[in-house]
>>> print(open('work-v1.cif').read())   # mmCIF, N, CA and C atoms and all ligand atoms
data_entry
#
loop_
_atom_site.label_atom_id
_atom_site.label_comp_id
_atom_site.auth_asym_id
_atom_site.auth_seq_id
_atom_site.Cartn_x
_atom_site.Cartn_y
_atom_site.Cartn_z
N MET P 145 54.82 44.24 -43.04
CA MET P 145 53.75 43.30 -43.26
C MET P 145 53.78 42.84 -44.70
N ALA P 146 53.76 41.52 -44.89
CA ALA P 146 53.79 40.96 -46.24
C ALA P 146 52.38 40.88 -46.79
N VAL P 147 52.27 41.14 -48.06
CA VAL P 147 50.98 41.08 -48.73
C VAL P 147 51.08 40.04 -49.84
N ALA P 148 50.20 39.06 -49.80
CA ALA P 148 50.19 38.04 -50.84
C ALA P 148 49.40 38.53 -52.03
N THR P 149 49.96 38.34 -53.18
CA THR P 149 49.25 38.73 -54.39
C THR P 149 49.08 37.50 -55.26
N THR P 150 48.02 37.45 -55.99
CA THR P 150 47.77 36.35 -56.92
C THR P 150 47.49 36.92 -58.29
N THR P 151 47.83 36.13 -59.26
CA THR P 151 47.49 36.50 -60.63
C THR P 151 46.49 35.49 -61.14
N LYS P 152 45.45 35.97 -61.72
CA LYS P 152 44.43 35.07 -62.24
C LYS P 152 44.89 34.51 -63.58
N VAL P 153 44.77 33.18 -63.68
CA VAL P 153 45.13 32.49 -64.90
C VAL P 153 43.85 31.99 -65.54
N ALA P 154 43.70 32.28 -66.80
CA ALA P 154 42.49 31.84 -67.50
C ALA P 154 42.45 30.32 -67.56
N PRO P 155 41.27 29.72 -67.36
CA PRO P 155 41.18 28.26 -67.44
C PRO P 155 41.51 27.76 -68.84
N THR P 156 42.02 26.54 -68.88
CA THR P 156 42.39 25.95 -70.15
C THR P 156 41.14 25.41 -70.83
N THR P 157 40.62 26.16 -71.74
CA THR P 157 39.42 25.72 -72.44
C THR P 157 39.66 25.48 -73.91
N SER P 158 40.82 25.89 -74.38
CA SER P 158 41.11 25.71 -75.79
C SER P 158 41.49 24.27 -76.08
N ARG P 159 40.99 23.71 -77.16
CA ARG P 159 41.34 22.34 -77.52
C ARG P 159 42.79 22.22 -77.91
N ALA P 160 43.40 23.32 -78.35
CA ALA P 160 44.81 23.27 -78.70
C ALA P 160 45.66 23.09 -77.45
N MET P 161 45.11 23.41 -76.29
CA MET P 161 45.85 23.29 -75.04
C MET P 161 45.73 21.90 -74.44
N MET P 162 44.89 21.03 -75.01
CA MET P 162 44.69 19.71 -74.45
C MET P 162 45.96 18.88 -74.64
N PRO P 163 46.31 18.07 -73.64
CA PRO P 163 47.48 17.20 -73.79
C PRO P 163 47.20 16.11 -74.82
N PRO P 164 48.22 15.56 -75.44
CA PRO P 164 47.99 14.51 -76.42
C PRO P 164 47.48 13.24 -75.75
N VAL P 165 46.73 12.44 -76.49
CA VAL P 165 46.21 11.17 -75.98
C VAL P 165 47.39 10.20 -75.85
N ALA P 166 47.53 9.57 -74.68
CA ALA P 166 48.70 8.74 -74.41
C ALA P 166 48.37 7.25 -74.31
N THR P 167 47.11 6.87 -74.27
CA THR P 167 46.77 5.47 -74.06
C THR P 167 46.59 4.70 -75.35
N VAL P 168 46.11 5.35 -76.38
CA VAL P 168 45.85 4.68 -77.65
C VAL P 168 46.33 5.56 -78.80
N PHE P 169 46.52 4.94 -79.95
CA PHE P 169 46.82 5.71 -81.16
C PHE P 169 46.21 4.99 -82.35
N ARG P 170 46.02 5.72 -83.42
CA ARG P 170 45.39 5.17 -84.62
C ARG P 170 46.49 4.89 -85.65
N SER P 171 46.48 3.68 -86.18
CA SER P 171 47.47 3.30 -87.18
C SER P 171 47.05 3.85 -88.53
N PRO P 172 47.95 3.83 -89.51
CA PRO P 172 47.60 4.35 -90.84
C PRO P 172 46.39 3.65 -91.47
N ASP P 173 46.15 2.36 -91.12
CA ASP P 173 45.01 1.66 -91.68
C ASP P 173 43.72 1.94 -90.91
N GLY P 174 43.78 2.77 -89.88
CA GLY P 174 42.59 3.19 -89.17
C GLY P 174 42.27 2.42 -87.91
N ASP P 175 43.02 1.35 -87.64
CA ASP P 175 42.77 0.56 -86.43
C ASP P 175 43.29 1.30 -85.20
N LEU P 176 42.70 0.99 -84.06
CA LEU P 176 43.13 1.58 -82.80
C LEU P 176 44.14 0.65 -82.14
N HIS P 177 45.27 1.20 -81.72
CA HIS P 177 46.33 0.41 -81.11
C HIS P 177 46.61 0.90 -79.70
N HIS P 178 47.05 -0.04 -78.86
CA HIS P 178 47.40 0.26 -77.48
C HIS P 178 48.78 0.92 -77.47
N ALA P 179 48.92 2.06 -76.82
CA ALA P 179 50.20 2.77 -76.82
C ALA P 179 51.27 2.01 -76.05
N ARG P 180 50.89 1.22 -75.05
CA ARG P 180 51.87 0.51 -74.24
C ARG P 180 52.61 -0.56 -75.04
N CYS P 181 51.88 -1.33 -75.85
CA CYS P 181 52.51 -2.46 -76.53
C CYS P 181 52.41 -2.35 -78.05
N ALA P 182 51.71 -1.35 -78.55
CA ALA P 182 51.51 -1.11 -79.98
C ALA P 182 50.68 -2.19 -80.67
N SER P 183 50.00 -3.05 -79.90
CA SER P 183 49.14 -4.07 -80.50
C SER P 183 47.78 -3.47 -80.83
N ARG P 184 47.14 -4.07 -81.86
CA ARG P 184 45.80 -3.63 -82.24
C ARG P 184 44.83 -3.99 -81.13
N MET P 185 43.90 -3.09 -80.84
CA MET P 185 42.93 -3.33 -79.77
C MET P 185 41.61 -3.76 -80.38
N ASP P 186 40.93 -4.66 -79.67
CA ASP P 186 39.62 -5.14 -80.11
C ASP P 186 38.53 -4.28 -79.47
N PHE P 187 37.55 -3.90 -80.29
CA PHE P 187 36.42 -3.13 -79.80
C PHE P 187 35.46 -4.07 -79.10
N MET P 188 35.13 -3.77 -77.84
CA MET P 188 34.25 -4.63 -77.06
C MET P 188 32.82 -4.13 -77.02
N GLY P 189 32.63 -2.82 -77.21
CA GLY P 189 31.28 -2.27 -77.20
C GLY P 189 31.25 -0.89 -76.58
N GLY P 190 30.06 -0.31 -76.61
CA GLY P 190 29.90 1.02 -76.03
C GLY P 190 28.96 0.97 -74.86
N ARG P 191 29.08 1.98 -74.00
CA ARG P 191 28.22 2.07 -72.83
C ARG P 191 27.51 3.41 -72.83
N ALA P 192 26.21 3.36 -72.96
CA ALA P 192 25.36 4.55 -72.86
C ALA P 192 25.74 5.63 -73.86
N GLY P 193 26.44 5.27 -74.91
CA GLY P 193 26.84 6.25 -75.90
C GLY P 193 27.87 7.23 -75.39
N LEU P 194 28.41 6.96 -74.21
CA LEU P 194 29.37 7.89 -73.61
C LEU P 194 30.78 7.33 -73.55
N GLU P 195 30.90 6.00 -73.49
CA GLU P 195 32.21 5.38 -73.36
C GLU P 195 32.32 4.23 -74.35
N LEU P 196 33.52 4.06 -74.88
CA LEU P 196 33.80 2.97 -75.81
C LEU P 196 34.85 2.07 -75.17
N ASP P 197 34.56 0.78 -75.13
CA ASP P 197 35.46 -0.16 -74.47
C ASP P 197 36.29 -0.92 -75.50
N PHE P 198 37.58 -0.96 -75.24
CA PHE P 198 38.53 -1.69 -76.08
C PHE P 198 39.32 -2.63 -75.19
N TYR P 199 39.86 -3.70 -75.80
CA TYR P 199 40.64 -4.67 -75.03
C TYR P 199 41.91 -5.01 -75.79
N CYS P 200 43.02 -5.01 -75.06
CA CYS P 200 44.31 -5.39 -75.64
C CYS P 200 44.59 -6.83 -75.27
N LEU P 201 44.68 -7.70 -76.28
CA LEU P 201 44.94 -9.11 -76.02
C LEU P 201 46.37 -9.35 -75.56
N THR P 202 47.28 -8.50 -75.91
CA THR P 202 48.68 -8.67 -75.51
C THR P 202 48.87 -8.36 -74.03
N CYS P 203 48.32 -7.25 -73.58
CA CYS P 203 48.47 -6.83 -72.18
C CYS P 203 47.34 -7.34 -71.29
N CYS P 204 46.30 -7.90 -71.90
CA CYS P 204 45.09 -8.29 -71.15
C CYS P 204 44.57 -7.09 -70.36
N GLU P 205 44.50 -5.96 -71.05
CA GLU P 205 44.10 -4.73 -70.38
C GLU P 205 42.88 -4.13 -71.07
N HIS P 206 41.97 -3.66 -70.25
CA HIS P 206 40.76 -3.02 -70.71
C HIS P 206 40.99 -1.51 -70.75
N VAL P 207 40.66 -0.88 -71.87
CA VAL P 207 40.84 0.56 -72.01
C VAL P 207 39.50 1.17 -72.42
N THR P 208 39.07 2.16 -71.70
CA THR P 208 37.84 2.87 -72.00
C THR P 208 38.17 4.28 -72.44
N VAL P 209 37.63 4.69 -73.56
CA VAL P 209 37.83 6.05 -74.05
C VAL P 209 36.47 6.62 -74.43
N THR P 210 36.41 7.91 -74.54
CA THR P 210 35.18 8.56 -74.98
C THR P 210 35.27 8.84 -76.48
N PRO P 211 34.14 9.04 -77.13
CA PRO P 211 34.20 9.39 -78.55
C PRO P 211 35.01 10.67 -78.79
N TYR P 212 35.02 11.56 -77.82
CA TYR P 212 35.80 12.79 -77.96
C TYR P 212 37.30 12.48 -78.05
N VAL P 213 37.76 11.50 -77.28
CA VAL P 213 39.17 11.11 -77.34
C VAL P 213 39.50 10.59 -78.73
N LEU P 214 38.61 9.78 -79.29
CA LEU P 214 38.87 9.25 -80.63
C LEU P 214 38.93 10.36 -81.66
N SER P 215 38.12 11.40 -81.47
CA SER P 215 38.14 12.51 -82.41
C SER P 215 39.42 13.33 -82.30
N ARG P 216 40.11 13.21 -81.17
CA ARG P 216 41.35 13.96 -80.98
C ARG P 216 42.57 13.23 -81.51
N LEU P 217 42.42 11.95 -81.87
CA LEU P 217 43.57 11.19 -82.36
C LEU P 217 43.97 11.69 -83.73
N PRO P 218 45.27 11.81 -83.96
CA PRO P 218 45.70 12.18 -85.31
C PRO P 218 45.35 11.06 -86.29
N GLU P 219 45.24 11.40 -87.55
CA GLU P 219 44.84 10.43 -88.57
C GLU P 219 45.81 9.25 -88.64
N THR P 220 47.09 9.53 -88.61
CA THR P 220 48.08 8.46 -88.67
C THR P 220 49.12 8.71 -87.59
N ALA P 221 49.80 7.66 -87.22
CA ALA P 221 50.85 7.80 -86.21
C ALA P 221 52.07 7.01 -86.67
N THR P 222 53.22 7.52 -86.35
CA THR P 222 54.45 6.81 -86.67
C THR P 222 54.98 6.21 -85.39
N PHE P 223 54.15 5.37 -84.79
CA PHE P 223 54.45 4.76 -83.51
C PHE P 223 54.91 3.34 -83.76
N THR P 224 56.03 2.97 -83.23
CA THR P 224 56.53 1.61 -83.39
C THR P 224 56.60 0.93 -82.04
N ARG P 225 56.68 -0.39 -82.06
CA ARG P 225 56.73 -1.14 -80.83
C ARG P 225 57.94 -0.71 -79.98
N ALA P 226 59.07 -0.45 -80.61
CA ALA P 226 60.26 -0.07 -79.86
C ALA P 226 60.07 1.26 -79.16
N ARG P 227 59.36 2.19 -79.80
CA ARG P 227 59.14 3.50 -79.18
C ARG P 227 58.06 3.43 -78.11
N ALA P 228 57.25 2.39 -78.15
CA ALA P 228 56.16 2.31 -77.18
C ALA P 228 56.65 1.93 -75.80
N ARG P 229 57.80 1.36 -75.71
CA ARG P 229 58.29 0.89 -74.40
C ARG P 229 59.20 1.89 -73.76
ZN ZN P 301 48.67 -3.70 -74.92
#
>>> encode(input="work-v1.cif", output="structure tokens")
Amino acid sequence: MAVATTTKVAPTTSRAMMPPVATVFRSPDGDLHHARCASRMDFMGGRAGLELDFYCLTCCEHVTVTPYVLSRLPETATFTRARAR
């Protein structure tokens, strides 16, 4: 008779375990850029203090992030248009 055993894995609660933000990045001058095309994104406004809306004029794409996501962005990024594609 086979017996199934499981090992309990602790939930990922550490911020160091969080995956890197892949949709936007912050340029050295502090602007928010779209990771897909590396273009600067325009801030459209916030909703209920929980979500921040940005718009990429190059991709015509709406991106919503939380303030927590912005706090997780590194101060500067060495992201270029060629690497974004
Ligand atoms: Zn874009």
>>> residues_around(input="work-v1.cif", residues="P:Met185", least_positions_apart="4", cutoff="9 Å", atoms="only C-alpha atoms", output="list of chain:residue names")
P:Val168, P:Asp175, P:Leu176, P:His177, P:His178, P:Phe198, P:Tyr199, P:Cys200, P:Leu201, P:Thr202, P:Val207
>>> closest_residue(input="work-v1.cif", among="P:Ala192, P:Ala179, P:Leu214, P:Val209", to="ligand ZN 301 (chain P)", atoms="only C-alpha atoms and all ligand atoms")
P:Ala179
>>> closest_residue(input="work-v1.cif", among="P:Lys152, P:Arg191, P:Arg170, P:Arg184", to="ligand ZN 301 (chain P)", atoms="only N, CA and C atoms and all ligand atoms")
P:Arg184
>>> closest_residue(input="work-v1.cif", among="P:Met188, P:Leu217, P:Cys181, P:Leu196", to="ligand ZN 301 (chain P)", atoms="all atoms listed in the file")
P:Cys181
>>> closest_residue(input="work-v1.cif", among="P:Asp186, P:Ala166, P:Arg216, P:Ser171", to="P:Cys204", atoms="only C-alpha atoms")
P:Asp186
>>> closest_residue(input="work-v1.cif", among="P:Leu194, P:Phe187, P:Arg180, P:Tyr212", to="ligand ZN 301 (chain P)", atoms="all atoms listed in the file")
P:Arg180
>>> closest_residue(input="work-v1.cif", among="P:Ala148, P:Val213, P:Met161, P:Cys203", to="ligand ZN 301 (chain P)", atoms="only C-alpha atoms and all ligand atoms")
P:Cys203
>>> decode(input="work-v1.cif", residues="stretch 162-210 of chain P", atoms="N, CA and C atoms", output="mmCIF file, in the first residue's frame")
data_model
loop_
_atom_site.group_PDB
_atom_site.id
_atom_site.type_symbol
_atom_site.label_atom_id
_atom_site.label_comp_id
_atom_site.auth_asym_id
_atom_site.auth_seq_id
_atom_site.Cartn_x
_atom_site.Cartn_y
_atom_site.Cartn_z
ATOM 1 N N MET P 162 9.473 38.488 -3.342
ATOM 2 C CA MET P 162 8.555 38.980 -4.353
ATOM 3 C C MET P 162 9.261 39.032 -5.706
ATOM 4 N N PRO P 163 8.561 38.680 -6.774
ATOM 5 C CA PRO P 163 9.165 38.770 -8.108
ATOM 6 C C PRO P 163 9.359 40.233 -8.493
ATOM 7 N N PRO P 164 10.294 40.521 -9.381
ATOM 8 C CA PRO P 164 10.507 41.909 -9.779
ATOM 9 C C PRO P 164 9.326 42.427 -10.593
ATOM 10 N N VAL P 165 9.105 43.727 -10.541
ATOM 11 C CA VAL P 165 8.027 44.363 -11.304
ATOM 12 C C VAL P 165 8.416 44.320 -12.782
ATOM 13 N N ALA P 166 7.509 43.834 -13.638
ATOM 14 C CA ALA P 166 7.834 43.625 -15.047
ATOM 15 C C ALA P 166 7.097 44.575 -15.983
ATOM 16 N N THR P 167 6.131 45.332 -15.507
ATOM 17 C CA THR P 167 5.339 46.164 -16.410
ATOM 18 C C THR P 167 5.882 47.574 -16.552
ATOM 19 N N VAL P 168 6.479 48.093 -15.512
ATOM 20 C CA VAL P 168 6.985 49.462 -15.538
ATOM 21 C C VAL P 168 8.358 49.511 -14.882
ATOM 22 N N PHE P 169 9.095 50.565 -15.178
ATOM 23 C CA PHE P 169 10.365 50.803 -14.483
ATOM 24 C C PHE P 169 10.569 52.296 -14.351
ATOM 25 N N ARG P 170 11.406 52.677 -13.413
ATOM 26 C CA ARG P 170 11.667 54.092 -13.144
ATOM 27 C C ARG P 170 13.007 54.462 -13.770
ATOM 28 N N SER P 171 13.006 55.539 -14.543
ATOM 29 C CA SER P 171 14.231 56.002 -15.181
ATOM 30 C C SER P 171 15.059 56.780 -14.169
ATOM 31 N N PRO P 172 16.322 57.047 -14.491
ATOM 32 C CA PRO P 172 17.168 57.796 -13.550
ATOM 33 C C PRO P 172 16.611 59.173 -13.184
ATOM 34 N N ASP P 173 15.816 59.798 -14.095
ATOM 35 C CA ASP P 173 15.243 61.104 -13.778
ATOM 36 C C ASP P 173 13.950 60.993 -12.971
ATOM 37 N N GLY P 174 13.526 59.775 -12.646
ATOM 38 C CA GLY P 174 12.381 59.575 -11.773
ATOM 39 C C GLY P 174 11.068 59.326 -12.476
ATOM 40 N N ASP P 175 11.050 59.434 -13.810
ATOM 41 C CA ASP P 175 9.806 59.186 -14.548
ATOM 42 C C ASP P 175 9.518 57.693 -14.619
ATOM 43 N N LEU P 176 8.251 57.371 -14.776
ATOM 44 C CA LEU P 176 7.832 55.978 -14.913
ATOM 45 C C LEU P 176 7.756 55.631 -16.394
ATOM 46 N N HIS P 177 8.375 54.521 -16.776
ATOM 47 C CA HIS P 177 8.403 54.101 -18.174
ATOM 48 C C HIS P 177 7.760 52.736 -18.326
ATOM 49 N N HIS P 178 7.183 52.522 -19.510
ATOM 50 C CA HIS P 178 6.547 51.252 -19.846
ATOM 51 C C HIS P 178 7.645 50.253 -20.199
ATOM 52 N N ALA P 179 7.628 49.082 -19.593
ATOM 53 C CA ALA P 179 8.683 48.094 -19.838
ATOM 54 C C ALA P 179 8.619 47.542 -21.258
ATOM 55 N N ARG P 180 7.436 47.502 -21.861
ATOM 56 C CA ARG P 180 7.303 46.939 -23.208
ATOM 57 C C ARG P 180 8.011 47.773 -24.254
ATOM 58 N N CYS P 181 7.866 49.096 -24.191
ATOM 59 C CA CYS P 181 8.409 49.947 -25.251
ATOM 60 C C CYS P 181 9.431 50.953 -24.724
ATOM 61 N N ALA P 182 9.613 51.016 -23.424
ATOM 62 C CA ALA P 182 10.552 51.928 -22.766
ATOM 63 C C ALA P 182 10.160 53.394 -22.892
ATOM 64 N N SER P 183 8.926 53.682 -23.316
ATOM 65 C CA SER P 183 8.464 55.067 -23.403
ATOM 66 C C SER P 183 7.985 55.549 -22.040
ATOM 67 N N ARG P 184 8.102 56.876 -21.840
ATOM 68 C CA ARG P 184 7.623 57.472 -20.596
ATOM 69 C C ARG P 184 6.103 57.369 -20.551
ATOM 70 N N MET P 185 5.567 57.050 -19.380
ATOM 71 C CA MET P 185 4.121 56.906 -19.234
ATOM 72 C C MET P 185 3.544 58.154 -18.597
ATOM 73 N N ASP P 186 2.338 58.512 -19.031
ATOM 74 C CA ASP P 186 1.637 59.664 -18.475
ATOM 75 C C ASP P 186 0.747 59.217 -17.327
ATOM 76 N N PHE P 187 0.793 59.981 -16.239
ATOM 77 C CA PHE P 187 -0.057 59.695 -15.094
ATOM 78 C C PHE P 187 -1.456 60.209 -15.382
ATOM 79 N N MET P 188 -2.455 59.326 -15.274
ATOM 80 C CA MET P 188 -3.833 59.687 -15.573
ATOM 81 C C MET P 188 -4.643 60.008 -14.328
ATOM 82 N N GLY P 189 -4.244 59.451 -13.188
ATOM 83 C CA GLY P 189 -4.965 59.716 -11.954
ATOM 84 C C GLY P 189 -5.001 58.501 -11.054
ATOM 85 N N GLY P 190 -5.576 58.712 -9.883
ATOM 86 C CA GLY P 190 -5.680 57.610 -8.930
ATOM 87 C C GLY P 190 -7.130 57.261 -8.683
ATOM 88 N N ARG P 191 -7.338 56.033 -8.221
ATOM 89 C CA ARG P 191 -8.688 55.574 -7.919
ATOM 90 C C ARG P 191 -8.743 55.095 -6.476
ATOM 91 N N ALA P 192 -9.516 55.793 -5.684
ATOM 92 C CA ALA P 192 -9.783 55.413 -4.296
ATOM 93 C C ALA P 192 -8.514 55.283 -3.465
ATOM 94 N N GLY P 193 -7.437 55.892 -3.908
ATOM 95 C CA GLY P 193 -6.193 55.803 -3.162
ATOM 96 C C GLY P 193 -5.572 54.426 -3.192
ATOM 97 N N LEU P 194 -6.124 53.547 -4.011
ATOM 98 C CA LEU P 194 -5.627 52.165 -4.060
ATOM 99 C C LEU P 194 -4.919 51.833 -5.357
ATOM 100 N N GLU P 195 -5.286 52.518 -6.440
ATOM 101 C CA GLU P 195 -4.706 52.214 -7.742
ATOM 102 C C GLU P 195 -4.292 53.514 -8.421
ATOM 103 N N LEU P 196 -3.190 53.438 -9.155
ATOM 104 C CA LEU P 196 -2.694 54.579 -9.908
ATOM 105 C C LEU P 196 -2.717 54.212 -11.389
ATOM 106 N N ASP P 197 -3.331 55.067 -12.189
ATOM 107 C CA ASP P 197 -3.485 54.778 -13.609
ATOM 108 C C ASP P 197 -2.457 55.544 -14.428
ATOM 109 N N PHE P 198 -1.804 54.820 -15.313
ATOM 110 C CA PHE P 198 -0.822 55.404 -16.231
ATOM 111 C C PHE P 198 -1.204 54.998 -17.647
ATOM 112 N N TYR P 199 -0.747 55.800 -18.624
ATOM 113 C CA TYR P 199 -1.067 55.509 -20.021
ATOM 114 C C TYR P 199 0.186 55.657 -20.863
ATOM 115 N N CYS P 200 0.408 54.669 -21.730
ATOM 116 C CA CYS P 200 1.538 54.706 -22.651
ATOM 117 C C CYS P 200 1.028 55.181 -23.997
ATOM 118 N N LEU P 201 1.524 56.330 -24.454
ATOM 119 C CA LEU P 201 1.083 56.872 -25.737
ATOM 120 C C LEU P 201 1.630 56.066 -26.909
ATOM 121 N N THR P 202 2.731 55.398 -26.737
ATOM 122 C CA THR P 202 3.314 54.606 -27.825
ATOM 123 C C THR P 202 2.504 53.341 -28.074
ATOM 124 N N CYS P 203 2.171 52.629 -27.018
ATOM 125 C CA CYS P 203 1.430 51.366 -27.148
ATOM 126 C C CYS P 203 -0.080 51.571 -27.061
ATOM 127 N N CYS P 204 -0.511 52.772 -26.691
ATOM 128 C CA CYS P 204 -1.942 53.035 -26.434
ATOM 129 C C CYS P 204 -2.462 52.026 -25.414
ATOM 130 N N GLU P 205 -1.691 51.857 -24.350
ATOM 131 C CA GLU P 205 -2.038 50.856 -23.347
ATOM 132 C C GLU P 205 -2.179 51.512 -21.978
ATOM 133 N N HIS P 206 -3.203 51.090 -21.274
ATOM 134 C CA HIS P 206 -3.485 51.561 -19.932
ATOM 135 C C HIS P 206 -2.852 50.598 -18.933
ATOM 136 N N VAL P 207 -2.103 51.130 -17.979
ATOM 137 C CA VAL P 207 -1.444 50.299 -16.973
ATOM 138 C C VAL P 207 -1.853 50.813 -15.596
ATOM 139 N N THR P 208 -2.337 49.927 -14.770
ATOM 140 C CA THR P 208 -2.720 50.269 -13.406
ATOM 141 C C THR P 208 -1.769 49.586 -12.443
ATOM 142 N N VAL P 209 -1.226 50.346 -11.528
ATOM 143 C CA VAL P 209 -0.342 49.790 -10.505
ATOM 144 C C VAL P 209 -0.801 50.317 -9.148
ATOM 145 N N THR P 210 -0.371 49.656 -8.120
ATOM 146 C CA THR P 210 -0.676 50.114 -6.767
ATOM 147 C C THR P 210 0.506 50.924 -6.236
#
